[in-house]
4 protein chains.
Amino acid sequence: MPRLKEEQLQKIYEERKQQITLAAVKIFAQRGLPGTKISMITSKAGVSHGLFYHYFKTKEELFISLVREAVETSMQEIGNLSHLTASPIEKIRILTQGMLDESGAPYFMLLHRARNFEEVPEEVSQLIQNYPIEIYVERLLPIFQEGQQRGEVAGGNLTEMIANYLTVISGVMVLGSGYPTPQIDWLMRLVEKK
Amino acid sequence: MPRLKEEQLQKIYEERKQQITLAAVKIFAQRGLPGTKISMITSKAGVSHGLFYHYFKTKEELFISLVREAVETSMQEIGNLSHLTASPIEKIRILTQGMLDESGAPYFMLLHRARNFEEVPEEVSQLIQNYPIEIYVERLLPIFQEGQQRGEVAGGNLTEMIANYLTVISGVMVLGSGYPTPQIDWLMRLVEKK
Amino acid sequence: MPRLKEEQLQKIYEERKQQITLAAVKIFAQRGLPGTKISMITSKAGVSHGLFYHYFKTKEELFISLVREAVETSMQEIGNLSHLTASPIEKIRILTQGMLDESGAPYFMLLHRARNFEEVPEEVSQLIQNYPIEIYVERLLPIFQEGQQRGEVAGGNLTEMIANYLTVISGVMVLGSGYPTPQIDWLMRLVEKK
Amino acid sequence: MPRLKEEQLQKIYEERKQQITLAAVKIFAQRGLPGTKISMITSKAGVSHGLFYHYFKTKEELFISLVREAVETSMQEIGNLSHLTASPIEKIRILTQGMLDESGAPYFMLLHRARNFEEVPEEVSQLIQNYPIEIYVERLLPIFQEGQQRGEVAGGNLTEMIANYLTVISGVMVLGSGYPTPQIDWLMRLVEKK
DNA sequence: TATGAATGAGTATTCATTCAT
DNA sequence: GATGAATGAATACTCATTCAT
């Protein structure tokens, strides 16, 4: 019985933590670190503000862990591309889709905020510096190279093109709901061979 | 005698106000309304915090006036395009250049922040609602139409294309210094006839 | 379980609020709105300044609610007179006593300050305008009339006499501790039939 | 010629000083020391706020000098009564009139504020303590005594009656414009022999 | 675990006062 | 003498965080 109870508690613990985290991602993404008040997170999560501190040490700590999660997720998604059985251009399309996808956007937005704006905790700066755009470019290079060889991807300096491409997609993703989201096919014009 | 003195005072007044405003635009653009502290603005402007309140009623009031200025400037720049003697595709290139230009970026960033993020004062929401993307699209439509007729601009629904194009350019601009800025020629692939 | 806890919290809430309110009334009465610093209130109430804002939105809001309370209390006290079984002149004496009573004085002082001095919030001005002296006069008129009929109250225009009488009592009350407080019997000379 | 110029300057100096002083008395009387902003005084006086400091060292210094002036004036007015050729009750009536007179009221109000309310500078406290009500009572005693002997003034303890009387008149005076001002004849009921 | 009362560091804002012109 | 730009101490208010229950 104590075992059961413990398990239940554990389950509640995880559920609550997830509940607060989900609320936090969205609000951090939309308002940034200084614009996000603990009360916004807890009221969106439907719990008291005191409860926040049962699950997280500080607001910054949560922000840091979210950014870390975002970095890891994004690296992983790129890694997953290699294992797909699809043509290079298809992989690029899938990546684009994934980045613009509603569910992923908040995490990317968080990364963006960490990368550019706010006064972020030192730990976040470190994290971001360890994963500069160049790393993403490097990981994507094989896919683009194969695409170029196959004649699917436009010619030119690939390192530059991938960086530019990431910039554009990130930018679109960051803009959020105030702007229309372009069709993926249209965006593909940037990399497809004419 | 009083005339001269008055002029001098007027000059000092305008200079100081400008000095504080310039500091504020950059910081607001980078950190947003809640992330910007008065002390950041005044220390960057090299004045005491007290002086801020000699020139502006509140932090929000300054933010509002800057957003208003940004809205007006951006509308004006689009208006100016019509008067140029250049081909449509050239005009689009010039607009792109202008938007990505370093000096204009902070203002666009401000607009972006006002449009998406922060808890902005009601007055700003109003302002932004009065100038949705659609208005910009509408103003640019004649240029794109002419471009399409001349075979310079790709085919398809122009209203949609312009909106998408603005989204991409805005996104790139908003990303700022953490990302590489794409070459304009490369971005033009999105609208040029292949 | 939750029931009990809720009640306790409710009790603490009310007690603290009362504690702060009591401290505030006295200080507002003595020093007025601009002369009263939050720190005066909270240190007199023995709580941190932060707690003040847990219970009240702003200093002004508290002032407003206190003035409202004062208005209501004073109207009520006058209303209560009618239900007493006492001769008219006795009722007037009781009213006088009540107004000069130490415990009621701060509230009247607040009313006085709201009526005359300070830059008060619009809401207070409204409140005060809705309860001019004339309303008090009107409510007291029946008592004085009966007194005059019975030969207890001096002759003459009663509306004027009551207004004057209220002025004198209010004035005495407002002066506070710096001046000797006259005996009630002596003050009654103003309205008693010689 | 330099003499003349000096005189003129002197005249301007005195005029400006008077102009500011007059504005200050009224505002201090109405709003008290903390409720009075330098800008209120100077804008009412129609001068720049900087000019205030050509004529007065600090806001407090002006307040002190005004209270001193008020004390002296009030003592003087009471002293003047003795030299009048009028019956005692007439003198009391004249005193009452003088105190309630519009022009004198602000000074009395200042005294009142100094006596009761605000956090006043030590110097003011001293001044006020040196001139307690008792001194006024003492100075008025001969007049009331003569009045009692002549049968014009009601019987009873005169020291007490005078103190009470001063309290009532001060109170009425202090109330100011929010209340009706009683007729002097009616107030005289308090001291006249029935 | 859950709540909300309580605290205090940090910020925005006001306003007396100084000073160059 | 006169003005208003400039400063900084004082004050109102916010919000992350702690803690008793």
# chains A, B, ... in the order shown; residues from 1 in each chain; ligands from 1
>>> interface_residues(of="chain E", to="chain B", cutoff="12 Å", atoms="only C-alpha atoms (C1' of nucleotides)", output="NGL selection string")
:E and (10-15 or 20-21)
>>> write_last_selection(atoms="all heavy atoms", output="short mmCIF file (atom, residue, chain, number, x, y, z; two decimals), in the first residue's frame")
data_model
loop_
_atom_site.label_atom_id
_atom_site.label_comp_id
_atom_site.auth_asym_id
_atom_site.auth_seq_id
_atom_site.Cartn_x
_atom_site.Cartn_y
_atom_site.Cartn_z
P DG E 10 18.19 43.71 -5.25
OP1 DG E 10 19.13 42.83 -5.98
OP2 DG E 10 18.66 44.89 -4.49
"O5'" DG E 10 17.09 44.22 -6.29
"C5'" DG E 10 16.22 43.27 -6.86
"C4'" DG E 10 15.19 43.98 -7.72
"O4'" DG E 10 14.17 44.58 -6.88
"C3'" DG E 10 15.77 45.15 -8.54
"O3'" DG E 10 15.13 45.10 -9.81
"C2'" DG E 10 15.37 46.39 -7.74
"C1'" DG E 10 14.01 45.94 -7.22
N9 DG E 10 13.52 46.64 -6.04
C8 DG E 10 14.21 46.99 -4.91
N7 DG E 10 13.46 47.61 -4.02
C5 DG E 10 12.20 47.67 -4.60
C6 DG E 10 10.98 48.21 -4.13
O6 DG E 10 10.75 48.77 -3.06
N1 DG E 10 9.95 48.05 -5.06
C2 DG E 10 10.08 47.44 -6.27
N2 DG E 10 8.99 47.38 -7.04
N3 DG E 10 11.21 46.92 -6.72
C4 DG E 10 12.22 47.07 -5.84
P DT E 11 15.77 45.90 -11.03
OP1 DT E 11 16.18 44.92 -12.00
OP2 DT E 11 16.69 46.95 -10.53
"O5'" DT E 11 14.50 46.62 -11.63
"C5'" DT E 11 13.56 47.01 -10.73
"C4'" DT E 11 12.39 47.66 -11.39
"O4'" DT E 11 11.62 48.11 -10.28
"C3'" DT E 11 12.74 48.89 -12.22
"O3'" DT E 11 11.78 49.04 -13.25
"C2'" DT E 11 12.71 50.01 -11.20
"C1'" DT E 11 11.64 49.52 -10.20
N1 DT E 11 11.94 49.89 -8.80
C2 DT E 11 10.90 50.36 -8.04
O2 DT E 11 9.76 50.44 -8.47
N3 DT E 11 11.22 50.72 -6.77
C4 DT E 11 12.47 50.66 -6.19
O4 DT E 11 12.63 51.03 -5.03
C5 DT E 11 13.53 50.15 -7.04
C7 DT E 11 14.91 50.05 -6.51
C6 DT E 11 13.21 49.79 -8.29
P DA E 12 11.74 50.32 -14.15
OP1 DA E 12 11.27 49.89 -15.46
OP2 DA E 12 12.97 51.10 -14.01
"O5'" DA E 12 10.56 51.15 -13.47
"C5'" DA E 12 9.23 50.64 -13.55
"C4'" DA E 12 8.25 51.68 -13.05
"O4'" DA E 12 8.59 52.04 -11.69
"C3'" DA E 12 8.25 52.99 -13.84
"O3'" DA E 12 6.89 53.41 -13.92
"C2'" DA E 12 9.12 53.92 -12.98
"C1'" DA E 12 8.86 53.42 -11.57
N9 DA E 12 9.99 53.53 -10.64
C8 DA E 12 11.27 53.11 -10.84
N7 DA E 12 12.08 53.30 -9.81
C5 DA E 12 11.24 53.87 -8.87
C6 DA E 12 11.47 54.31 -7.54
N6 DA E 12 12.64 54.23 -6.92
N1 DA E 12 10.42 54.84 -6.87
C2 DA E 12 9.23 54.91 -7.48
N3 DA E 12 8.89 54.53 -8.70
C4 DA E 12 9.96 54.02 -9.35
P DT E 13 6.56 54.76 -14.72
OP1 DT E 13 5.14 54.66 -15.12
OP2 DT E 13 7.61 55.04 -15.70
"O5'" DT E 13 6.63 55.85 -13.56
"C5'" DT E 13 5.81 55.67 -12.42
"C4'" DT E 13 6.03 56.82 -11.46
"O4'" DT E 13 7.27 56.63 -10.75
"C3'" DT E 13 6.12 58.20 -12.11
"O3'" DT E 13 5.05 58.95 -11.58
"C2'" DT E 13 7.49 58.72 -11.72
"C1'" DT E 13 7.80 57.90 -10.47
N1 DT E 13 9.22 57.68 -10.14
C2 DT E 13 9.64 58.00 -8.86
O2 DT E 13 8.91 58.49 -8.03
N3 DT E 13 10.95 57.74 -8.61
C4 DT E 13 11.88 57.19 -9.48
O4 DT E 13 13.03 56.99 -9.12
C5 DT E 13 11.38 56.88 -10.79
C7 DT E 13 12.29 56.28 -11.80
C6 DT E 13 10.09 57.12 -11.05
P DT E 14 4.93 60.53 -11.88
OP1 DT E 14 3.49 60.79 -11.92
OP2 DT E 14 5.83 60.93 -12.96
"O5'" DT E 14 5.48 61.15 -10.52
"C5'" DT E 14 4.94 60.68 -9.31
"C4'" DT E 14 5.51 61.50 -8.18
"O4'" DT E 14 6.91 61.20 -8.01
"C3'" DT E 14 5.42 63.01 -8.41
"O3'" DT E 14 4.97 63.54 -7.18
"C2'" DT E 14 6.87 63.42 -8.75
"C1'" DT E 14 7.66 62.40 -7.96
N1 DT E 14 8.99 62.02 -8.45
C2 DT E 14 10.02 61.95 -7.54
O2 DT E 14 9.89 62.23 -6.37
N3 DT E 14 11.22 61.55 -8.07
C4 DT E 14 11.48 61.19 -9.38
O4 DT E 14 12.61 60.84 -9.72
C5 DT E 14 10.36 61.28 -10.28
C7 DT E 14 10.56 60.93 -11.71
C6 DT E 14 9.19 61.68 -9.78
P DC E 15 4.42 65.04 -7.11
OP1 DC E 15 3.43 65.05 -6.02
OP2 DC E 15 4.07 65.54 -8.44
"O5'" DC E 15 5.72 65.81 -6.60
"C5'" DC E 15 6.38 65.28 -5.45
"C4'" DC E 15 7.62 66.07 -5.14
"O4'" DC E 15 8.74 65.50 -5.85
"C3'" DC E 15 7.58 67.54 -5.57
"O3'" DC E 15 8.26 68.26 -4.58
"C2'" DC E 15 8.35 67.54 -6.88
"C1'" DC E 15 9.42 66.53 -6.54
N1 DC E 15 10.09 65.92 -7.71
C2 DC E 15 11.38 65.41 -7.56
O2 DC E 15 11.93 65.48 -6.47
N3 DC E 15 11.97 64.87 -8.64
C4 DC E 15 11.34 64.81 -9.81
N4 DC E 15 11.98 64.25 -10.84
C5 DC E 15 10.02 65.31 -9.97
C6 DC E 15 9.43 65.86 -8.90
P DA E 20 26.99 75.84 -12.74
OP1 DA E 20 27.96 74.83 -12.31
OP2 DA E 20 27.07 77.24 -12.22
"O5'" DA E 20 26.97 75.89 -14.33
"C5'" DA E 20 26.46 74.78 -15.07
"C4'" DA E 20 25.64 75.27 -16.25
"O4'" DA E 20 24.37 75.78 -15.81
"C3'" DA E 20 26.30 76.40 -17.04
"O3'" DA E 20 26.11 76.15 -18.43
"C2'" DA E 20 25.56 77.65 -16.56
"C1'" DA E 20 24.17 77.10 -16.28
N9 DA E 20 23.44 77.81 -15.23
C8 DA E 20 23.91 78.20 -14.01
N7 DA E 20 23.01 78.80 -13.26
C5 DA E 20 21.87 78.79 -14.04
C6 DA E 20 20.57 79.27 -13.81
N6 DA E 20 20.18 79.87 -12.68
N1 DA E 20 19.66 79.10 -14.81
C2 DA E 20 20.04 78.49 -15.94
N3 DA E 20 21.23 78.00 -16.27
C4 DA E 20 22.11 78.18 -15.26
P DT E 21 26.76 77.10 -19.50
OP1 DT E 21 27.02 76.26 -20.68
OP2 DT E 21 27.83 77.88 -18.86
"O5'" DT E 21 25.58 78.09 -19.87
"C5'" DT E 21 24.39 77.55 -20.40
"C4'" DT E 21 23.36 78.66 -20.51
"O4'" DT E 21 22.93 79.04 -19.18
"C3'" DT E 21 23.88 79.94 -21.16
"O3'" DT E 21 23.31 80.08 -22.45
"C2'" DT E 21 23.45 81.07 -20.22
"C1'" DT E 21 22.51 80.38 -19.26
N1 DT E 21 22.51 80.92 -17.88
C2 DT E 21 21.33 81.42 -17.38
O2 DT E 21 20.29 81.45 -18.00
N3 DT E 21 21.41 81.89 -16.09
C4 DT E 21 22.53 81.90 -15.28
O4 DT E 21 22.49 82.35 -14.14
C5 DT E 21 23.73 81.36 -15.87
C7 DT E 21 25.00 81.33 -15.09
C6 DT E 21 23.66 80.90 -17.14
#
>>> residues_around(residues="Gly104 (chain C)", least_positions_apart="5", cutoff="12 Å", atoms="only C-alpha atoms (C1' of nucleotides)", output="VMD selection string")
chain C and resid 22 25 to 26 29 69 to 71 73 to 74 77 95 to 99 109 to 111 170 173 to 174 176
>>> write_last_selection(atoms="N, CA and C atoms", output="PDB file, in the first residue's frame")
ATOM      1  N   LEU C  22      -7.254  50.287  10.472  1.00  0.00           N
ATOM      2  CA  LEU C  22      -7.298  51.102  11.683  1.00  0.00           C
ATOM      3  C   LEU C  22      -6.101  52.040  11.772  1.00  0.00           C
ATOM      4  N   VAL C  25      -6.657  54.875   9.123  1.00  0.00           N
ATOM      5  CA  VAL C  25      -7.645  55.918   9.434  1.00  0.00           C
ATOM      6  C   VAL C  25      -7.009  57.006  10.260  1.00  0.00           C
ATOM      7  N   LYS C  26      -6.324  56.586  11.296  1.00  0.00           N
ATOM      8  CA  LYS C  26      -5.745  57.574  12.206  1.00  0.00           C
ATOM      9  C   LYS C  26      -4.729  58.457  11.503  1.00  0.00           C
ATOM     10  N   ALA C  29      -6.329  60.721   8.953  1.00  0.00           N
ATOM     11  CA  ALA C  29      -7.053  61.796   9.638  1.00  0.00           C
ATOM     12  C   ALA C  29      -6.085  62.868  10.098  1.00  0.00           C
ATOM     13  N   GLU C  69     -16.748  54.617   3.789  1.00  0.00           N
ATOM     14  CA  GLU C  69     -17.178  54.069   5.069  1.00  0.00           C
ATOM     15  C   GLU C  69     -17.618  55.193   6.016  1.00  0.00           C
ATOM     16  N   ALA C  70     -16.846  56.265   6.000  1.00  0.00           N
ATOM     17  CA  ALA C  70     -17.164  57.391   6.886  1.00  0.00           C
ATOM     18  C   ALA C  70     -18.504  58.003   6.526  1.00  0.00           C
ATOM     19  N   VAL C  71     -18.739  58.166   5.247  1.00  0.00           N
ATOM     20  CA  VAL C  71     -20.012  58.735   4.800  1.00  0.00           C
ATOM     21  C   VAL C  71     -21.160  57.851   5.269  1.00  0.00           C
ATOM     22  N   THR C  73     -21.229  55.573   7.639  1.00  0.00           N
ATOM     23  CA  THR C  73     -21.365  55.535   9.091  1.00  0.00           C
ATOM     24  C   THR C  73     -22.074  56.776   9.615  1.00  0.00           C
ATOM     25  N   SER C  74     -21.680  57.931   9.097  1.00  0.00           N
ATOM     26  CA  SER C  74     -22.267  59.160   9.622  1.00  0.00           C
ATOM     27  C   SER C  74     -23.753  59.242   9.284  1.00  0.00           C
ATOM     28  N   GLU C  77     -25.594  56.892  11.665  1.00  0.00           N
ATOM     29  CA  GLU C  77     -25.714  57.378  13.036  1.00  0.00           C
ATOM     30  C   GLU C  77     -26.864  58.373  13.172  1.00  0.00           C
ATOM     31  N   LEU C  95     -26.365  63.181  19.659  1.00  0.00           N
ATOM     32  CA  LEU C  95     -25.663  63.346  18.387  1.00  0.00           C
ATOM     33  C   LEU C  95     -24.351  64.107  18.587  1.00  0.00           C
ATOM     34  N   THR C  96     -24.457  65.176  19.327  1.00  0.00           N
ATOM     35  CA  THR C  96     -23.278  66.003  19.591  1.00  0.00           C
ATOM     36  C   THR C  96     -22.199  65.171  20.260  1.00  0.00           C
ATOM     37  N   GLN C  97     -22.615  64.483  21.283  1.00  0.00           N
ATOM     38  CA  GLN C  97     -21.698  63.602  22.000  1.00  0.00           C
ATOM     39  C   GLN C  97     -21.019  62.630  21.034  1.00  0.00           C
ATOM     40  N   GLY C  98     -21.838  61.995  20.200  1.00  0.00           N
ATOM     41  CA  GLY C  98     -21.309  61.001  19.255  1.00  0.00           C
ATOM     42  C   GLY C  98     -20.284  61.596  18.309  1.00  0.00           C
ATOM     43  N   MET C  99     -20.581  62.803  17.854  1.00  0.00           N
ATOM     44  CA  MET C  99     -19.650  63.409  16.899  1.00  0.00           C
ATOM     45  C   MET C  99     -18.331  63.778  17.559  1.00  0.00           C
ATOM     46  N   MET C 109     -12.956  63.399  10.654  1.00  0.00           N
ATOM     47  CA  MET C 109     -11.812  64.157  10.179  1.00  0.00           C
ATOM     48  C   MET C 109     -11.512  63.797   8.724  1.00  0.00           C
ATOM     49  N   LEU C 110     -11.636  62.544   8.445  1.00  0.00           N
ATOM     50  CA  LEU C 110     -11.417  62.070   7.091  1.00  0.00           C
ATOM     51  C   LEU C 110     -12.405  62.748   6.151  1.00  0.00           C
ATOM     52  N   LEU C 111     -13.658  62.750   6.578  1.00  0.00           N
ATOM     53  CA  LEU C 111     -14.690  63.393   5.775  1.00  0.00           C
ATOM     54  C   LEU C 111     -14.345  64.850   5.554  1.00  0.00           C
ATOM     55  N   SER C 170     -18.687  70.198  13.721  1.00  0.00           N
ATOM     56  CA  SER C 170     -17.653  69.661  12.840  1.00  0.00           C
ATOM     57  C   SER C 170     -16.330  70.376  13.077  1.00  0.00           C
ATOM     58  N   MET C 173     -14.703  69.303  16.255  1.00  0.00           N
ATOM     59  CA  MET C 173     -14.212  67.943  16.100  1.00  0.00           C
ATOM     60  C   MET C 173     -12.936  67.899  15.274  1.00  0.00           C
ATOM     61  N   VAL C 174     -12.932  68.734  14.257  1.00  0.00           N
ATOM     62  CA  VAL C 174     -11.796  68.736  13.354  1.00  0.00           C
ATOM     63  C   VAL C 174     -10.544  69.284  14.024  1.00  0.00           C
ATOM     64  N   GLY C 176      -9.353  68.852  16.912  1.00  0.00           N
ATOM     65  CA  GLY C 176      -8.578  67.760  17.519  1.00  0.00           C
ATOM     66  C   GLY C 176      -7.863  68.174  18.778  1.00  0.00           C
TER      67      GLY C 176
END
>>> closest_atom_pairs(of="chain F", to="chain C", cutoff="10 Å", atoms="only C-alpha atoms (C1' of nucleotides)", output="Markdown table")
| residue | atom | partner | partner_atom | distance |
| --- | --- | --- | --- | --- |
| F:DT11 | C1' | C:Lys37 | CA | 7.6 |
| F:DA12 | C1' | C:Ile38 | CA | 7.8 |
| F:DC13 | C1' | C:Tyr53 | CA | 7.9 |
| F:DT14 | C1' | C:Gly50 | CA | 9.0 |
| F:DC15 | C1' | C:Gly50 | CA | 9.8 |
| F:DT21 | C1' | C:Lys5 | CA | 8.3 |
>>> atom_distance(atom1="CA of Glu119 (chain A)", atom2="CA of Glu119 (chain B)")
18.2 Å
>>> interface_residues(of="chain A", to="chain B", cutoff="9 Å", atoms="only C-alpha atoms", output="ChimeraX atom specification")
/A:29-36,112,115-119,132-133,160-161,163-183,186-190,194
>>> select_by_dssp(residues="region 20-170 of chain C", states="alpha helix (DSSP H)", output="number ranges by chain")
C: 20-35, 38-45, 49-55, 59-81, 88-100, 105-116, 122-130, 133-149, 158-170
>>> residues_around(residues="Asn130 (chain B)", least_positions_apart="3", cutoff="12 Å", atoms="only C-alpha atoms (C1' of nucleotides)", output="MDAnalysis selection string")
chainID B and resid 68 71:72 75 115 123:127 133:136
>>> residues_around(residues="Thr21 (chain A)", least_positions_apart="5", cutoff="10 Å", atoms="only C-alpha atoms (C1' of nucleotides)", output="PyMOL selection string")
chain A and resi 15-16+26-27+41-42+45+52+55-56+62-63+65-66
>>> atom_distance(atom1="CA of Glu138 (chain D)", atom2="CA of Ile162 (chain D)")
8.9 Å
>>> atom_distance(atom1="CA of Gln149 (chain B)", atom2="CA of Leu100 (chain B)")
26.7 Å
>>> decode(residues="chain F", atoms="C-alpha atoms (C1' of nucleotides)", output="PDB file, in the first residue's frame")
ATOM      1  C1'  DG F   1      16.252  88.604 -11.712  1.00  0.00           C
ATOM      2  C1'  DA F   2      14.379  84.773 -14.462  1.00  0.00           C
ATOM      3  C1'  DT F   3      14.127  80.399 -16.742  1.00  0.00           C
ATOM      4  C1'  DG F   4      13.953  75.649 -17.245  1.00  0.00           C
ATOM      5  C1'  DA F   5      17.356  71.726 -17.696  1.00  0.00           C
ATOM      6  C1'  DA F   6      19.395  68.549 -14.601  1.00  0.00           C
ATOM      7  C1'  DT F   7      20.014  65.795 -10.396  1.00  0.00           C
ATOM      8  C1'  DG F   8      19.007  62.524  -6.745  1.00  0.00           C
ATOM      9  C1'  DA F   9      16.628  61.520  -2.426  1.00  0.00           C
ATOM     10  C1'  DA F  10      12.265  59.927  -1.163  1.00  0.00           C
ATOM     11  C1'  DT F  11       8.225  57.317  -2.115  1.00  0.00           C
ATOM     12  C1'  DA F  12       4.731  54.203  -4.365  1.00  0.00           C
ATOM     13  C1'  DC F  13       4.275  49.900  -6.165  1.00  0.00           C
ATOM     14  C1'  DT F  14       5.550  45.067  -8.173  1.00  0.00           C
ATOM     15  C1'  DC F  15       6.750  40.621  -7.861  1.00  0.00           C
ATOM     16  C1'  DA F  16       9.892  36.634  -6.855  1.00  0.00           C
ATOM     17  C1'  DT F  17      10.396  33.967  -3.078  1.00  0.00           C
ATOM     18  C1'  DT F  18       9.638  31.965   1.697  1.00  0.00           C
ATOM     19  C1'  DC F  19       6.964  29.754   5.049  1.00  0.00           C
ATOM     20  C1'  DA F  20       3.265  28.538   8.415  1.00  0.00           C
ATOM     21  C1'  DT F  21      -0.718  25.971   8.083  1.00  0.00           C
TER      22       DT F  21
END
